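Chemist: Got a structure here, written out as structure tokens. Questions coming.
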Amino acid sequence: MADESFFDIASKMDMQELNNAINQAEKEIMTRFDFKNSKSSIAVEKDELVIVSDDEFKLQNVIDILHSKMAKRGISLKNLEYDKIQPASSQTVRQKVKLKSGIDQDNAKKINIMIRDSKLKVKSQIQGDQIRVSGKSKDDLQQVIQLLRKADLPLDLQFLNFR
């Protein structure tokens, strides 16, 4: 085991960066002319965002502003899952956005199958909401990372603890 290398595959969102992106988006909303006298806001509640605005058009504009701020801060939009737009109090609309964290079982199985099909001499195993990949050659592990970066997966992956 001492001569084996490994790394972990995880899917996490940097909450501090997300909060910074939300603060920047709210500042822009307060200063923009088209949002003057608007009841638009973005709030974080546990593992979801709640976006409120006057109507669906303004709600979509708030989401676009948030997306641009998140992209500038390097936060992947793949970790967002949108619910339906709902009417809220005082003639406003609300949309909840779930923040996905961790690799669910279906995607973990897909990743394991991709690694197995690559014919590289590595082993992968699911450990809760992340995957550990181990092998004797660090080059093989690097190839696994490249393979997963090129794959179009529905979640943002981070590669941690490369040893």
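Residues in the structure tokens are numbered from 1 in each chain, the chains being A, B, ... in the order shown, and ligands are numbered from 1 in the order shown.
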Counting only C-alpha atoms, what is within 10 Å of range 146-156 of chain A, bar same-chain residues fewer than 2 positions away, as a ChimeraX atom specification?
Modeler: /A:9-13,75-80,100-104,107,110-111,114-115,118,140-144,158-159
Chemist: Where does DSSP see strand (DSSP E or B) in range 86-140 of chain A, if you list the residues as a ChimeraX atom specification?
Modeler: /A:86-88,92-99,122-127,130-135
Chemist: When you draw a straight line from CA of Gly135 in chain A to CA of Ile113 in chain A, how long is it in Å?
Modeler: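 So the two atoms, CA of Gly135 in chain A and CA of Ile113 in chain A, lie 16.1 Å apart.
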Chemist: Figure out the distance between CA of Asp117 in chain A and CA of Asp3 in chain A, please, to one decimal in Å.
Modeler: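 Result for CA of Asp3 in chain A versus CA of Asp117 in chain A: 24.0 Å, one decimal.
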Chemist: So that I can check the surroundings of Gln91 in chain A, please list as a list in words every protein, DNA and RNA residue that reaches within 10 Å of it, counting only C-alpha atoms and ignoring chain neighbours fewer than 6 positions away.
Modeler: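 Listed by chain and then number, they are Lys39, Ser53, Asp54 and Asp55 of chain A.
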Chemist: Choose the residue, out of A:Ile65, A:Glu45, A:Gln130, A:Asp14, that has the smallest atom-to-atom separation from Met30 in chain A; count only C-alpha atoms.
Modeler: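 Smallest distance to Met30 in chain A is found for A:Ile65.
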Chemist: Closest to Lys84 in chain A among A:Leu18, A:Ile29, A:Val62, A:Val50, using only C-alpha atoms?
Modeler: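 Residue with the minimum atom-to-atom distance to Lys84 in chain A: A:Val50.
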Chemist: What is the distance, in Å and to one decimal place, between CA of Glu48 in chain A and CA of Ala71 in chain A?
Modeler: 18.1 Å
Chemist: When DSSP works through the backbone of this structure, what residues of chain A end up as helix (DSSP H, G or I), shown as an MDAnalysis selection string?
Modeler: chainID A and resid 15:31 33:35 56:72 77:79 105:117 138:150
Chemist: I need the residue nearest Lys136 in chain A from this list: A:Arg163, A:Ile42, A:Asn112, A:Glu56. Use only C-alpha atoms for the distance.
Modeler: A:Arg163
Chemist: With only C-alpha atoms as the basis for distance, which of A:Ile126, A:Asn37, A:Met15, A:Lys138 is at the shortest distance from Leu99 in chain A?
Modeler: A:Met15
Chemist: Excluding same-chain residues fewer than 5 positions from Leu49 in chain A, what lies within 9 Å of it counting only C-alpha atoms, as a list in words?
Modeler: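 The residues that qualify are Ile42, Ala43, Val44, Gln95, Lys96, Val97, Lys98 and Leu99 of chain A.
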Chemist: Write the residues you've just listed into a file as a short mmCIF file (atom, residue, chain, number, x, y, z; two decimals), in the first residue's frame, and include all heavy atoms for each of them.
Modeler:
```
data_model
loop_
_atom_site.label_atom_id
_atom_site.label_comp_id
_atom_site.auth_asym_id
_atom_site.auth_seq_id
_atom_site.Cartn_x
_atom_site.Cartn_y
_atom_site.Cartn_z
N ILE A 42 -31.83 37.97 -3.32
CA ILE A 42 -31.26 36.63 -3.36
C ILE A 42 -30.90 36.28 -1.92
O ILE A 42 -30.21 37.04 -1.26
CB ILE A 42 -29.99 36.57 -4.24
CG1 ILE A 42 -30.26 37.10 -5.64
CG2 ILE A 42 -29.45 35.14 -4.29
CD1 ILE A 42 -29.01 37.31 -6.46
N ALA A 43 -31.38 35.15 -1.45
CA ALA A 43 -31.10 34.74 -0.07
C ALA A 43 -30.62 33.29 -0.05
O ALA A 43 -31.06 32.47 -0.86
CB ALA A 43 -32.35 34.89 0.78
N VAL A 44 -29.73 32.99 0.90
CA VAL A 44 -29.25 31.62 1.08
C VAL A 44 -29.97 31.03 2.28
O VAL A 44 -29.97 31.61 3.36
CB VAL A 44 -27.72 31.60 1.34
CG1 VAL A 44 -27.23 30.18 1.53
CG2 VAL A 44 -26.98 32.27 0.21
N GLN A 95 -38.26 31.74 -6.91
CA GLN A 95 -37.72 30.50 -7.45
C GLN A 95 -36.65 29.99 -6.49
O GLN A 95 -35.77 30.74 -6.08
CB GLN A 95 -37.12 30.71 -8.84
CG GLN A 95 -36.69 29.40 -9.48
CD GLN A 95 -36.35 29.56 -10.94
OE1 GLN A 95 -36.00 30.64 -11.40
NE2 GLN A 95 -36.41 28.47 -11.68
N LYS A 96 -36.77 28.72 -6.15
CA LYS A 96 -35.77 28.09 -5.28
C LYS A 96 -34.75 27.38 -6.15
O LYS A 96 -35.11 26.75 -7.15
CB LYS A 96 -36.42 27.12 -4.31
CG LYS A 96 -37.27 27.81 -3.28
CD LYS A 96 -37.78 26.85 -2.23
CE LYS A 96 -38.57 27.64 -1.20
NZ LYS A 96 -39.02 26.79 -0.10
N VAL A 97 -33.49 27.48 -5.76
CA VAL A 97 -32.39 26.86 -6.49
C VAL A 97 -31.63 25.99 -5.50
O VAL A 97 -31.05 26.49 -4.55
CB VAL A 97 -31.46 27.93 -7.10
CG1 VAL A 97 -30.36 27.26 -7.91
CG2 VAL A 97 -32.22 28.93 -7.94
N LYS A 98 -31.65 24.67 -5.73
CA LYS A 98 -30.93 23.75 -4.85
C LYS A 98 -29.44 23.78 -5.20
O LYS A 98 -29.06 23.78 -6.36
CB LYS A 98 -31.45 22.33 -5.01
CG LYS A 98 -32.82 22.14 -4.43
CD LYS A 98 -33.25 20.68 -4.49
CE LYS A 98 -34.64 20.55 -3.93
NZ LYS A 98 -35.51 19.74 -4.75
N LEU A 99 -28.62 23.75 -4.16
CA LEU A 99 -27.18 23.69 -4.33
C LEU A 99 -26.75 22.23 -4.18
O LEU A 99 -26.85 21.67 -3.10
CB LEU A 99 -26.48 24.56 -3.27
CG LEU A 99 -26.91 26.02 -3.23
CD1 LEU A 99 -26.27 26.73 -2.06
CD2 LEU A 99 -26.57 26.72 -4.53
#
```
